$ cat entry-v2.txt   # compact mmCIF, C-alpha atoms and all ligand atoms
# COMPACT_ATOMS: atom_id res chain seq x y z
CA MET A 117 0.00 0.00 0.00
CA ASN A 118 1.17 3.49 -0.88
CA ASP A 119 2.36 5.23 2.32
CA ALA A 120 1.35 8.69 1.10
CA ARG A 121 -2.23 7.56 0.52
CA LEU A 122 -2.48 6.09 3.99
CA ALA A 123 -0.84 9.16 5.52
CA ALA A 124 -3.60 11.32 4.03
CA GLY A 125 -5.90 9.78 6.66
CA LEU A 126 -8.84 9.20 4.28
CA PRO A 127 -10.72 5.99 3.75
CA LEU A 128 -9.31 4.19 0.75
CA SER A 129 -12.65 4.50 -1.09
CA GLN A 130 -12.38 8.32 -1.08
CA LEU A 131 -8.83 8.46 -2.38
CA PRO A 132 -8.21 9.08 -6.07
CA PRO A 133 -6.82 6.14 -7.94
CA LEU A 134 -3.03 6.16 -8.19
CA SER A 135 -3.21 6.49 -11.98
CA GLN A 136 -5.01 9.86 -11.79
CA PRO A 137 -2.72 12.75 -12.87
CA GLN A 138 -1.15 14.37 -9.84
CA PRO A 139 -0.48 18.13 -9.66
CA PRO A 140 3.14 19.00 -10.41
CA PRO A 141 5.31 19.30 -7.31
CA PRO A 142 6.18 22.84 -6.25
CA ALA A 143 9.39 24.16 -7.85
CA PRO A 144 12.33 23.46 -5.59
CA THR A 145 13.62 26.70 -4.15
CA HIS A 146 17.27 25.74 -4.44
CA VAL A 147 17.25 25.75 -8.25
CA PRO A 148 18.22 29.13 -9.73
CA PRO A 149 15.54 30.75 -11.90
CA PHE A 150 17.89 31.05 -14.88
CA PRO A 151 19.70 28.39 -16.85
CA ALA A 152 23.04 27.44 -15.34
CA ASP A 153 24.25 25.81 -18.52
CA ALA A 154 26.94 27.97 -20.12
CA THR A 155 26.00 26.96 -23.66
CA VAL A 156 22.40 28.04 -23.16
CA LEU A 157 23.51 31.31 -21.56
CA LEU A 158 25.93 32.10 -24.37
CA LEU A 159 23.21 31.45 -26.95
CA GLU A 160 20.73 33.63 -25.04
CA ALA A 161 23.25 36.44 -24.68
CA ALA A 162 24.27 36.16 -28.34
CA ALA A 163 20.65 36.43 -29.50
CA GLN A 164 19.88 39.39 -27.23
CA CYS A 165 23.08 41.33 -27.87
CA GLU A 166 23.03 40.76 -31.63
CA ARG A 167 19.46 42.03 -31.77
CA GLU A 168 20.46 45.14 -29.80
CA LEU A 169 23.55 45.74 -31.92
CA ASP A 170 21.63 45.30 -35.15
CA GLN A 171 19.06 47.86 -34.03
CA ARG A 172 21.60 50.31 -32.66
CA ILE A 173 24.42 50.26 -35.23
CA PRO A 174 23.61 52.30 -38.38
CA ALA A 175 22.37 50.13 -41.25
CA LEU A 176 24.50 49.08 -44.21
CA ASP A 177 22.88 51.64 -46.49
CA HIS A 178 23.63 54.46 -44.05
CA GLU A 179 26.50 56.74 -45.16
CA PRO A 180 29.41 56.31 -44.88
CA ARG A 181 28.48 52.86 -46.15
CA ARG A 182 32.03 51.53 -46.19
CA LEU A 183 32.48 52.33 -42.51
CA HIS A 184 29.20 50.76 -41.43
CA ALA A 185 29.91 47.71 -43.57
CA ALA A 186 33.31 47.33 -41.86
CA MET A 187 31.79 47.67 -38.37
CA ARG A 188 29.15 45.08 -39.19
CA HIS A 189 31.65 42.77 -40.88
CA SER A 190 33.58 42.40 -37.61
CA LEU A 191 30.60 42.54 -35.24
CA PHE A 192 28.35 39.99 -36.90
CA ALA A 193 30.95 37.32 -37.42
CA GLY A 194 30.03 34.81 -34.75
CA GLY A 195 32.15 35.61 -31.69
CA LYS A 196 31.50 33.65 -28.51
CA ARG A 197 29.71 36.64 -26.95
CA LEU A 198 31.21 35.78 -23.57
CA ARG A 199 31.26 39.38 -22.34
CA PRO A 200 27.53 40.00 -22.98
CA ALA A 201 26.81 36.64 -21.32
CA LEU A 202 28.72 37.85 -18.25
CA VAL A 203 26.74 41.10 -18.27
CA LEU A 204 23.50 39.14 -18.46
CA ALA A 205 24.40 36.60 -15.78
CA ALA A 206 25.73 39.30 -13.43
CA CYS A 207 22.62 41.44 -13.91
CA ARG A 208 20.31 38.48 -13.26
CA ALA A 209 22.31 37.42 -10.20
CA CYS A 210 21.75 40.92 -8.77
CA GLY A 211 18.01 40.79 -9.46
CA GLY A 212 17.97 42.86 -12.65
CA THR A 213 15.98 42.08 -15.78
CA ASP A 214 17.34 41.33 -19.24
CA ALA A 215 15.94 44.65 -20.47
CA ASP A 216 17.89 46.48 -17.75
CA CYS A 217 21.20 45.28 -19.16
CA ALA A 218 20.50 45.37 -22.92
CA PRO A 219 22.58 48.53 -23.52
CA ALA A 220 25.43 47.12 -21.41
CA MET A 221 25.51 43.93 -23.47
CA ALA A 222 25.76 45.98 -26.66
CA ALA A 223 28.43 48.20 -25.08
CA VAL A 224 30.83 45.45 -24.04
CA GLU A 225 30.55 43.49 -27.29
CA ALA A 226 31.08 46.59 -29.43
CA PHE A 227 34.03 47.60 -27.27
CA HIS A 228 35.54 44.11 -27.43
CA THR A 229 35.12 44.01 -31.22
CA TYR A 230 36.93 47.34 -31.52
CA THR A 231 39.86 45.87 -29.55
CA LEU A 232 39.94 42.84 -31.86
CA ILE A 233 39.97 44.98 -35.02
CA HIS A 234 42.86 47.06 -33.71
CA ASP A 235 44.69 44.02 -32.28
CA ASP A 236 44.73 42.48 -35.78
CA LEU A 237 46.12 45.55 -37.55
CA PRO A 238 49.48 45.24 -39.33
CA ALA A 239 51.05 47.58 -36.76
CA MET A 240 49.93 45.28 -33.95
CA ASP A 241 49.53 41.48 -34.32
CA ASP A 242 49.16 41.63 -38.11
CA ASP A 243 46.52 38.92 -38.39
CA ASP A 244 44.43 38.12 -41.44
CA LEU A 245 41.83 35.78 -39.88
CA ARG A 246 39.32 36.67 -37.16
CA ARG A 247 36.07 35.00 -36.17
CA GLY A 248 36.49 32.76 -39.20
CA ARG A 249 36.58 35.69 -41.60
CA PRO A 250 39.24 37.91 -43.15
CA THR A 251 40.18 40.56 -40.60
CA CYS A 252 38.67 44.01 -40.99
CA HIS A 253 41.75 45.59 -42.59
CA VAL A 254 42.02 42.67 -45.05
CA ALA A 255 38.34 42.73 -46.02
CA PHE A 256 38.34 46.54 -46.28
CA ASP A 257 41.56 48.50 -45.82
CA GLU A 258 43.74 49.61 -42.95
CA ALA A 259 42.34 53.11 -42.59
CA THR A 260 38.76 51.85 -42.64
CA ALA A 261 39.61 49.22 -40.01
CA ILE A 262 41.11 51.87 -37.72
CA LEU A 263 38.03 54.04 -38.15
CA ALA A 264 35.61 51.11 -37.68
CA GLY A 265 37.37 50.37 -34.37
CA ASP A 266 37.19 54.02 -33.35
CA ALA A 267 33.48 54.17 -34.17
CA LEU A 268 32.71 50.98 -32.26
CA GLN A 269 34.51 52.34 -29.22
CA ALA A 270 32.53 55.60 -29.33
CA PHE A 271 29.33 53.61 -29.86
CA ALA A 272 30.13 51.52 -26.78
CA PHE A 273 30.37 54.59 -24.53
CA ALA A 274 27.04 55.86 -25.83
CA GLN A 275 25.42 52.55 -24.86
CA ALA A 276 27.01 52.58 -21.40
CA ALA A 277 25.62 56.09 -20.91
CA GLU A 278 22.14 54.58 -21.07
CA ILE A 279 22.98 52.72 -17.86
CA SER A 280 24.65 55.49 -15.85
CA ALA A 281 27.59 57.87 -15.68
CA GLU A 282 29.30 55.30 -13.44
CA ALA A 283 28.93 52.67 -16.16
CA VAL A 284 30.68 55.01 -18.62
CA ARG A 285 33.47 55.55 -16.10
CA VAL A 286 33.89 51.80 -15.53
CA LEU A 287 34.15 51.14 -19.27
CA ALA A 288 36.55 54.05 -19.79
CA GLN A 289 38.80 52.88 -16.98
CA ALA A 290 38.82 49.32 -18.31
CA GLY A 291 39.58 50.48 -21.81
CA GLY A 292 42.24 53.07 -21.07
CA SER A 293 45.96 53.21 -20.34
CA LEU A 294 45.54 51.27 -17.09
CA GLY A 295 43.41 48.64 -18.84
CA VAL A 296 43.12 47.34 -22.40
CA VAL A 297 45.25 49.96 -24.14
CA GLY A 298 47.95 49.78 -21.46
CA GLY A 299 47.96 46.00 -21.66
CA GLN A 300 48.26 46.12 -25.44
CA GLN A 301 51.21 48.52 -25.15
CA ASP A 302 52.91 46.19 -22.66
CA ASP A 303 52.17 43.22 -24.94
CA LEU A 304 53.82 44.91 -27.92
CA ASP A 305 56.78 46.14 -25.88
CA ALA A 306 57.42 42.63 -24.57
CA GLU A 307 57.44 41.09 -28.06
CA GLY A 308 60.81 39.53 -28.84
CA GLN A 309 62.20 40.24 -25.36
CA PRO A 310 63.98 37.42 -23.53
CA VAL A 311 61.59 35.22 -21.56
CA ASP A 312 62.64 33.80 -18.20
CA ALA A 313 61.12 32.81 -14.88
CA SER A 314 62.34 35.94 -13.06
CA PRO A 315 59.90 37.88 -10.84
CA ALA A 316 60.18 40.86 -13.21
CA CYS A 317 59.11 38.77 -16.19
CA ALA A 318 56.28 37.16 -14.20
CA GLN A 319 55.02 40.57 -13.06
CA ARG A 320 55.13 41.94 -16.57
CA LEU A 321 53.21 38.96 -17.90
CA GLU A 322 50.48 39.31 -15.30
CA ARG A 323 50.19 43.05 -15.99
CA ILE A 324 49.75 42.35 -19.71
CA HIS A 325 47.01 39.80 -19.11
CA ARG A 326 45.16 41.81 -16.49
CA GLY A 327 45.33 44.88 -18.72
CA LYS A 328 44.61 43.65 -22.21
CA THR A 329 41.96 41.09 -21.27
CA ALA A 330 40.89 40.90 -17.61
CA ALA A 331 40.01 44.60 -17.35
CA LEU A 332 37.18 44.36 -19.90
CA ILE A 333 35.91 41.06 -18.52
CA GLN A 334 35.80 42.62 -15.06
CA ALA A 335 34.02 45.68 -16.49
CA SER A 336 31.43 43.42 -18.15
CA CYS A 337 30.55 41.93 -14.77
CA GLU A 338 30.45 45.36 -13.12
CA LEU A 339 28.23 46.74 -15.87
CA GLY A 340 25.79 43.89 -15.24
CA ALA A 341 25.77 44.84 -11.57
CA LEU A 342 25.29 48.54 -12.33
CA ALA A 343 22.44 47.78 -14.74
CA ALA A 344 20.69 45.87 -11.93
CA ARG A 345 21.41 48.62 -9.39
CA ALA A 346 23.22 46.05 -7.29
CA ARG A 347 24.41 46.56 -3.74
CA ALA A 348 28.04 47.66 -3.37
CA ALA A 349 29.07 44.27 -1.93
CA GLN A 350 27.57 42.48 -4.93
CA ARG A 351 29.41 44.71 -7.37
CA THR A 352 32.70 44.22 -5.51
CA ALA A 353 32.27 40.44 -5.56
CA LEU A 354 31.54 40.52 -9.28
CA ALA A 355 34.57 42.72 -9.93
CA THR A 356 36.85 40.21 -8.18
CA TYR A 357 35.21 37.32 -10.02
CA GLY A 358 35.58 39.12 -13.36
CA ASN A 359 39.22 40.02 -12.86
CA GLU A 360 40.29 36.52 -11.85
CA LEU A 361 38.18 35.02 -14.61
CA GLY A 362 39.71 37.44 -17.09
CA LEU A 363 43.18 36.27 -16.15
CA ALA A 364 42.08 32.64 -16.54
CA PHE A 365 40.55 33.56 -19.91
CA GLN A 366 43.78 35.01 -21.28
CA ILE A 367 45.85 32.09 -19.95
CA GLN A 368 43.49 29.73 -21.79
CA ASP A 369 43.79 31.94 -24.89
CA ASP A 370 47.56 31.46 -24.68
CA VAL A 371 47.10 27.70 -24.27
CA LEU A 372 44.75 27.45 -27.25
CA ASP A 373 47.14 29.43 -29.42
CA THR A 374 49.59 26.55 -29.06
CA THR A 375 47.21 23.57 -28.92
CA ALA A 376 44.27 24.34 -31.23
CA ASP A 377 44.11 24.81 -34.98
CA SER A 378 43.09 27.92 -36.90
CA ALA A 379 39.86 26.41 -38.24
CA THR A 380 38.65 25.66 -34.70
CA LEU A 381 39.75 29.01 -33.31
CA GLY A 382 38.57 31.11 -36.26
CA LYS A 383 41.89 32.97 -35.93
CA THR A 384 45.47 32.11 -36.75
CA ALA A 385 46.89 29.54 -34.35
CA GLY A 386 50.55 29.47 -33.40
CA LYS A 387 50.97 33.23 -33.70
CA ASP A 388 52.29 33.82 -30.20
CA ALA A 389 55.40 31.70 -30.63
CA ALA A 390 55.94 33.04 -34.16
CA GLN A 391 55.80 36.61 -32.87
CA GLN A 392 57.73 35.84 -29.68
CA LYS A 393 54.92 37.05 -27.45
CA LEU A 394 55.20 37.05 -23.69
CA THR A 395 52.54 34.45 -22.84
CA TRP A 396 51.79 32.16 -19.93
CA VAL A 397 52.81 29.19 -22.03
CA ALA A 398 56.14 30.80 -23.01
CA VAL A 399 57.06 31.53 -19.40
CA TYR A 400 55.68 28.53 -17.52
CA GLY A 401 54.92 25.86 -20.14
CA LEU A 402 51.63 24.27 -21.12
CA ASP A 403 50.90 22.17 -18.04
CA ALA A 404 51.63 24.96 -15.56
CA ALA A 405 49.54 27.37 -17.65
CA ARG A 406 46.59 24.99 -17.55
CA ALA A 407 47.01 24.53 -13.79
CA GLU A 408 47.15 28.29 -13.21
CA ALA A 409 43.97 28.84 -15.25
CA ARG A 410 42.23 26.32 -12.95
CA ARG A 411 43.54 28.06 -9.83
CA ARG A 412 42.25 31.41 -11.08
CA LEU A 413 38.93 29.79 -11.90
CA ASP A 414 38.66 28.53 -8.32
CA THR A 415 39.44 32.00 -6.94
CA ALA A 416 36.84 33.52 -9.24
CA ILE A 417 34.19 31.07 -8.08
CA VAL A 418 34.95 31.64 -4.39
CA ALA A 419 34.32 35.36 -4.90
CA LEU A 420 30.71 34.50 -5.78
CA ASN A 421 29.90 33.01 -2.35
CA THR A 422 27.77 35.98 -1.40
CA PHE A 423 25.30 35.09 -4.19
CA GLY A 424 24.56 31.56 -2.97
CA THR A 425 22.72 29.46 -5.52
CA ALA A 426 22.00 32.51 -7.71
CA ALA A 427 25.66 32.29 -8.76
CA ALA A 428 25.17 29.01 -10.65
CA PRO A 429 25.07 30.59 -14.15
CA LEU A 430 28.22 32.63 -13.39
CA VAL A 431 29.97 29.51 -12.12
CA SER A 432 29.02 27.68 -15.26
CA LEU A 433 30.34 30.50 -17.49
CA ALA A 434 33.58 30.48 -15.51
CA ARG A 435 34.04 26.77 -16.11
CA PHE A 436 33.39 27.31 -19.81
CA VAL A 437 36.21 29.88 -19.93
CA VAL A 438 38.76 27.31 -18.80
CA ASP A 439 37.29 24.20 -20.47
CA ARG A 440 36.64 25.81 -23.85
CA THR A 441 38.40 24.55 -26.96
CA TYR A 442 37.84 27.67 -29.10
C1 LIG B 1 39.76 37.12 -28.05
O1 LIG B 1 38.59 37.17 -27.31
C2 LIG B 1 40.66 38.22 -27.61
C3 LIG B 1 41.16 38.05 -26.26
C4 LIG B 1 40.89 38.86 -25.32
C5 LIG B 1 42.04 36.94 -25.97
P1 LIG B 1 37.44 36.08 -27.54
O2 LIG B 1 38.06 34.70 -27.55
O3 LIG B 1 36.35 36.31 -26.57
O4 LIG B 1 36.96 36.42 -29.02
P2 LIG B 1 35.51 36.22 -29.69
O5 LIG B 1 34.67 37.35 -29.22
O6 LIG B 1 34.98 34.88 -29.27
O7 LIG B 1 35.79 36.30 -31.16
C1 LIG B 2 44.40 40.49 -27.50
O1 LIG B 2 45.17 39.45 -27.04
C2 LIG B 2 43.56 41.11 -26.47
C3 LIG B 2 42.77 42.20 -27.06
C4 LIG B 2 42.17 42.13 -28.20
C5 LIG B 2 42.66 43.41 -26.30
P1 LIG B 2 45.62 38.46 -28.18
O2 LIG B 2 46.41 39.17 -29.22
O3 LIG B 2 46.23 37.26 -27.55
O4 LIG B 2 44.21 38.06 -28.81
P2 LIG B 2 44.03 37.10 -30.05
O5 LIG B 2 44.71 35.80 -29.69
O6 LIG B 2 44.63 37.77 -31.23
O7 LIG B 2 42.54 36.93 -30.13
MG MG B 3 47.54 40.91 -29.32
MG MG B 4 46.21 39.03 -31.37
MG MG B 5 45.92 35.28 -28.19
$ encode --input "entry-v2.txt" --output "structure tokens"
Amino acid sequence: MNDARLAAGLPLSQLPPLSQPQPPPPAPTHVPPFPADATVLLLEAAAQCERELDQRIPALDHEPRRLHAAMRHSLFAGGKRLRPALVLAACRACGGTDADCAPAMAAVEAFHTYTLIHDDLPAMDDDDLRRGRPTCHVAFDEATAILAGDALQAFAFAQAAEISAEAVRVLAQAGGSLGVVGGQQDDLDAEGQPVDASPACAQRLERIHRGKTAALIQASCELGALAARARAAQRTALATYGNELGLAFQIQDDVLDTTADSATLGKTAGKDAAQQKLTWVAVYGLDAARAEARRRLDTAIVALNTFGTAAAPLVSLARFVVDRTY
């Protein structure tokens, strides 16, 4: 005999037959309201941010057509959209809605795409493949690629301004001489320099990675928090998570440059060694680089403790960063 039916205390004749459809059980409270699966989140963020970008970036027939075509060529080329996914997950974790963070998603992806266009220029990494397509300066020309990057950067600030003045400041700080641009300068200056395991070399490497990559990943998380009008403690936790995750992201980028192929990456593999870049792999080797990425991942996840189970999507994105193969 079914224990639950007996426990109901009714005569058996008044109980519904066991085959009768039962009401669904109440939703367990420990499951977060949003998908924790990184793949689902990345797809959601890609769909939302691409819709926003398509609506907000001038159309192809808008003059100057060549410039808008170049911006769209690099934007709509199938990037992973990790930074918008971080905005979205951070905003949701702080109780914000997807609509709250729509401009922030557009801002970080446009800003990131500008950095990619400029990173690929002949004066920088001189790459001809990006996101599976010819780089912007190859598909158009160098001057147009510089201008497309400039325009995407300006566009990004305009989107951040829809969130708040503080959001503009966060993006500007991440993008400036103490962030992305500074990291890119350090990266170029270190090219071809002797690599060793000295503290000076290790410090330089970490500054490059925190500047050129972690700063914008941190800003993406903070913008999500700002869009949701998060409490200060939540924003601080997300900033720590983003910075450590950003470092792990760039270490994994260094690993993939040596282990993956160009078709999988959608960009030229093996460039770092060819250009004598100062990378985690060059200084510490492949195994130690992988181990360090995992350590940074753990630190990033610990920073999310304050969010409890609401952190599950952010944890899942963090694992994707280190486990990814592209
Ligand atoms: C590549 O970033 C540039 C780095 C910061 C290492 P992503 O690997 O996120 O590039 P997309 O957006 O997926 O193309
Ligand atoms: C570039 O680092 C980071 C930025 C674009 C700011 P990398 O030069 O390693 O990026 P990839 O490998 O070309 O994507
Ligand atoms: Mg570079
Ligand atoms: Mg590069
Ligand atoms: Mg790289």
$ closest_residue --input "entry-v2.txt" --among "A:Leu332, A:Ala186, A:Leu204, A:Leu294" --to "A:Phe227" --atoms "only C-alpha atoms"
A:Leu332
$ residues_around --input "entry-v2.txt" --residues "A:Ala226" --least-positions-apart "2" --cutoff "7 Å" --atoms "all atoms listed in the file" --output "JSON, numbers by chain"
{"A": [222, 223, 224, 228, 229, 230, 268, 269, 272]}
$ write_last_selection --input "entry-v2.txt" --atoms "C-alpha atoms" --output "PDB file, in the coordinates of the input"
ATOM      1  CA  ALA A 222      25.760  45.980 -26.660  1.00  0.00           C
ATOM      2  CA  ALA A 223      28.430  48.200 -25.080  1.00  0.00           C
ATOM      3  CA  VAL A 224      30.830  45.450 -24.040  1.00  0.00           C
ATOM      4  CA  HIS A 228      35.540  44.110 -27.430  1.00  0.00           C
ATOM      5  CA  THR A 229      35.120  44.010 -31.220  1.00  0.00           C
ATOM      6  CA  TYR A 230      36.930  47.340 -31.520  1.00  0.00           C
ATOM      7  CA  LEU A 268      32.710  50.980 -32.260  1.00  0.00           C
ATOM      8  CA  GLN A 269      34.510  52.340 -29.220  1.00  0.00           C
ATOM      9  CA  ALA A 272      30.130  51.520 -26.780  1.00  0.00           C
TER      10      ALA A 272
END
$ closest_residue --input "entry-v2.txt" --among "A:Ile367, A:Leu237, A:Ile417, A:Leu339" --to "ligand MG 5 (chain B)" --atoms "only C-alpha atoms and all ligand atoms"
A:Ile367
$ closest_atom_pairs --input "entry-v2.txt" --of "chain A" --to "ligand MG 3 (chain B)" --cutoff "8 Å" --atoms "only C-alpha atoms and all ligand atoms" --output "tab-separated table"
residue	atom	partner	partner_atom	distance
A:Asp235	CA	B:MG3	MG	5.2
A:Asp236	CA	B:MG3	MG	7.2
A:Met240	CA	B:MG3	MG	6.8
A:Asp241	CA	B:MG3	MG	5.4
A:Gln300	CA	B:MG3	MG	6.5
A:Asp303	CA	B:MG3	MG	6.8
A:Leu304	CA	B:MG3	MG	7.6
$ write_last_selection --input "entry-v2.txt" --atoms "C-alpha atoms" --output "CSV table (one decimal), in the coordinates of the input"
chain,number,residue,atom,x,y,z
A,235,ASP,CA,44.7,44.0,-32.3
A,236,ASP,CA,44.7,42.5,-35.8
A,240,MET,CA,49.9,45.3,-34.0
A,241,ASP,CA,49.5,41.5,-34.3
A,300,GLN,CA,48.3,46.1,-25.4
A,303,ASP,CA,52.2,43.2,-24.9
A,304,LEU,CA,53.8,44.9,-27.9
$ closest_atom_pairs --input "entry-v2.txt" --of "stretch 347-398 of chain A" --to "stretch 245-265 of chain A" --cutoff "12 Å" --atoms "only C-alpha atoms" --output "tab-separated table"
residue	atom	partner	partner_atom	distance
A:Asp377	CA	A:Gly248	CA	11.8
A:Ser378	CA	A:Leu245	CA	8.5
A:Ala379	CA	A:Gly248	CA	7.3
A:Thr380	CA	A:Gly248	CA	8.7
A:Leu381	CA	A:Arg247	CA	7.6
A:Gly382	CA	A:Gly248	CA	4.0
A:Lys383	CA	A:Arg246	CA	4.7
A:Thr384	CA	A:Leu245	CA	6.0
A:Ala385	CA	A:Leu245	CA	9.8
A:Lys387	CA	A:Leu245	CA	11.3
$ atom_distance --input "entry-v2.txt" --atom1 "atom CA of A:Ile324" --atom2 "atom CA of A:Ala346"
29.5 Å
$ residues_around --input "entry-v2.txt" --residues "A:Asp439" --least-positions-apart "6" --cutoff "10 Å" --atoms "only C-alpha atoms" --output "CSV table (one decimal) with C-alpha atoms, keeping the file's coordinate frame"
chain,number,residue,atom,x,y,z
A,365,PHE,CA,40.6,33.6,-19.9
A,368,GLN,CA,43.5,29.7,-21.8
A,406,ARG,CA,46.6,25.0,-17.6
A,409,ALA,CA,44.0,28.8,-15.2
A,410,ARG,CA,42.2,26.3,-13.0
A,433,LEU,CA,30.3,30.5,-17.5
$ atom_distance --input "entry-v2.txt" --atom1 "atom CA of A:Gln289" --atom2 "atom CA of A:Lys328"
12.1 Å
$ atom_distance --input "entry-v2.txt" --atom1 "atom CA of A:Val418" --atom2 "atom CA of A:Ala405"
20.2 Å
$ residues_near_ligand --input "entry-v2.txt" --ligand "ligand MG 5 (chain B)" --cutoff "7 Å" --atoms "only C-alpha atoms and all ligand atoms" --output "JSON, numbers by chain"
{"A": [369, 370, 373, 388]}
$ closest_residue --input "entry-v2.txt" --among "A:Pro310, A:Gly386, A:Gly401, A:Gly327" --to "ligand MG 4 (chain B)" --atoms "all atoms listed in the file"
A:Gly386
$ closest_residue --input "entry-v2.txt" --among "A:Gln350, A:Thr329, A:Thr375, A:Gln334" --to "ligand LIG 1 (chain B)" --atoms "all atoms listed in the file"
A:Thr329
$ axis_aligned_box --input "entry-v2.txt" --around "ligand LIG 1 (chain B)" --padding-each-side "8 Å" --output "lines of an AutoDock Vina configuration file"
center_x = 38.4
center_y = 36.8
center_z = -28.2
size_x = 23.4
size_y = 20.2
size_z = 21.8
$ closest_residue --input "entry-v2.txt" --among "A:Ala330, A:Arg440, A:Arg208, A:Leu342" --to "A:Phe423" --atoms "all atoms listed in the file"
A:Arg208
$ closest_residue --input "entry-v2.txt" --among "A:Gly340, A:Val399, A:Ala318, A:Ala355" --to "A:Cys210" --atoms "all atoms listed in the file"
A:Gly340
$ build_atoms --input "entry-v2.txt" --residues "stretch 273-290 of chain A" --atoms "N, CA and C atoms" --output "compact mmCIF listing (two decimals), keeping the file's coordinate frame"
# COMPACT_ATOMS: atom_id res chain seq x y z
N PHE A 273 30.57 53.63 -25.62
CA PHE A 273 30.37 54.59 -24.53
C PHE A 273 28.94 55.14 -24.54
N ALA A 274 28.42 55.35 -25.74
CA ALA A 274 27.04 55.86 -25.83
C ALA A 274 26.05 54.86 -25.23
N GLN A 275 26.33 53.57 -25.44
CA GLN A 275 25.42 52.55 -24.86
C GLN A 275 25.55 52.53 -23.34
N ALA A 276 26.79 52.60 -22.86
CA ALA A 276 27.01 52.58 -21.40
C ALA A 276 26.32 53.78 -20.74
N ALA A 277 26.27 54.89 -21.46
CA ALA A 277 25.62 56.09 -20.91
C ALA A 277 24.14 55.86 -20.65
N GLU A 278 23.55 54.89 -21.33
CA GLU A 278 22.14 54.58 -21.07
C GLU A 278 21.96 53.89 -19.71
N ILE A 279 23.05 53.34 -19.20
CA ILE A 279 22.98 52.72 -17.86
C ILE A 279 23.19 53.81 -16.80
N SER A 280 24.35 54.44 -16.83
CA SER A 280 24.65 55.49 -15.85
C SER A 280 26.00 56.11 -16.15
N ALA A 281 26.28 57.24 -15.54
CA ALA A 281 27.59 57.87 -15.68
C ALA A 281 28.67 56.94 -15.11
N GLU A 282 28.34 56.22 -14.04
CA GLU A 282 29.30 55.30 -13.44
C GLU A 282 29.64 54.17 -14.41
N ALA A 283 28.67 53.73 -15.17
CA ALA A 283 28.93 52.67 -16.16
C ALA A 283 29.91 53.17 -17.23
N VAL A 284 29.76 54.42 -17.64
CA VAL A 284 30.68 55.01 -18.62
C VAL A 284 32.09 55.05 -18.02
N ARG A 285 32.17 55.46 -16.76
CA ARG A 285 33.47 55.55 -16.10
C ARG A 285 34.13 54.17 -16.00
N VAL A 286 33.35 53.17 -15.65
CA VAL A 286 33.89 51.80 -15.53
C VAL A 286 34.44 51.33 -16.88
N LEU A 287 33.69 51.58 -17.94
CA LEU A 287 34.15 51.14 -19.27
C LEU A 287 35.39 51.92 -19.70
N ALA A 288 35.40 53.22 -19.42
CA ALA A 288 36.55 54.05 -19.79
C ALA A 288 37.80 53.61 -19.04
N GLN A 289 37.64 53.32 -17.77
CA GLN A 289 38.80 52.88 -16.98
C GLN A 289 39.33 51.55 -17.49
N ALA A 290 38.41 50.64 -17.81
CA ALA A 290 38.82 49.32 -18.31
C ALA A 290 39.50 49.43 -19.67
